Amino acid sequence: MCFSATASFSAGGLLLGLGVLTLKSARRPRELPFAAIPLLFALQQLSEGVIWLTFRYDALQLNAVMTHVYSFFSHVLWPIYVPVAVLLIEPPGRRRQVLLAFVAAGLALITLSMSVFAFSSSLSGPKETLPTGAWMIAVLSTRNSTLPALLSFTALAMSVVTVPVFGLGIRPRGPSTLPRRPTARI
């Protein structure tokens with residue numbers, strides 16, 4: 001999620017170009033869904049850019065539509081699309097069986113997401129839009145849309161070319177701030 005319309009449109013434009021390149025570089029039809037991830041993510045970023053603009057121009061109806069588009073990507077598409085895309089390129093073996101569990105978890109998450117939305121829109125008051133359990137959907141969505149690609153040897157190797165956004169090489173606790181060798185005296 002970006003922090004401004006400019007950032008969202010910039011990311012969306014960059015990802016559109018990257019998405020076209022990755023689709024062209026797919027060698028087999030089974031690679032197309034995985035290669036389309038940057039292109040789909042570009043559409044999500046562009047919809048987020050429009051959401052940012054609706055705040056400035058007070059376009060409530062457009063904001064509602066684009067929020068639903070963005071939520072479709074984050075809560076419906078990604079939890080099932082990424083595991084299926086990775087499953088298609090993974091060779092037969094034990095990892096493929098593990099990926100099937102993520103596909104099932106994605107379907108369960110989509111069902112949960114839709115039932116939470118239906119429950120919240122039918123029973124909530126005007127100031128309370130989501131039930132208490134709705135905060136977990138984003139956590140489950142993130143886990144289900146990133147972990148399958150990181151478990152797959154094939155997807156990990158292809159991600160260097162197609163999706164260089166997994167944060168590989170980033171230290172989880174940040175850079176080291178302690179000196180490694182004695183420093184010069186003051």
# chains A, B, ... in the order shown; residues from 1 in each chain; ligands from 1

$ closest_atom_pairs --of "region 50-84 of chain A" --to "region 30-36 of chain A" --cutoff "9 Å" --atoms "only C-alpha atoms" --output "tab-separated table"
residue	atom	partner	partner_atom	distance
A:Tyr81	CA	A:Pro33	CA	8.1
A:Val82	CA	A:Phe34	CA	7.3
A:Val84	CA	A:Pro33	CA	8.3

$ write_last_selection --atoms "C-alpha atoms" --output "PDB file, in the first residue's frame"
ATOM      1  CA  TYR A  81      -4.421 -16.589  -7.194  1.00  0.00           C
ATOM      2  CA  VAL A  82      -0.845 -16.687  -5.875  1.00  0.00           C
ATOM      3  CA  VAL A  84      -2.638 -21.494  -7.742  1.00  0.00           C
TER       4      VAL A  84
END

$ residues_around --residues "Gly13 (chain A)" --least-positions-apart "5" --cutoff "9 Å" --atoms "only C-alpha atoms" --output "PyMOL selection string"
chain A and resi 8+18+42+45-46

$ residues_around --residues "region 51-55 of chain A" --least-positions-apart "2" --cutoff "12 Å" --atoms "only C-alpha atoms" --output "PyMOL selection string"
chain A and resi 1-9+44-49+57-71

$ closest_residue --among "A:Leu77, A:Leu15, A:Arg94, A:Leu88" --to "Gly106 (chain A)" --atoms "only C-alpha atoms"
A:Leu77

$ closest_residue --among "A:Leu40, A:Leu16, A:Phe102, A:Thr111" --to "Phe73 (chain A)" --atoms "only C-alpha atoms"
A:Leu40

$ closest_residue --among "A:Met114, A:Leu23, A:Leu43, A:Leu107" --to "Pro83 (chain A)" --atoms "only C-alpha atoms"
A:Leu107

$ closest_residue --among "A:Trp78, A:Thr22, A:Gly17, A:Ile89" --to "Val103 (chain A)" --atoms "only C-alpha atoms"
A:Trp78

$ atom_distance --atom1 "CA of Gly93 (chain A)" --atom2 "CA of Ile80 (chain A)"
20.4 Å

$ closest_residue --among "A:Leu87, A:Ala11, A:Val50, A:Ala26" --to "Ala104 (chain A)" --atoms "only C-alpha atoms"
A:Leu87

$ atom_distance --atom1 "CA of Gln97 (chain A)" --atom2 "CA of Lys24 (chain A)"
28.9 Å
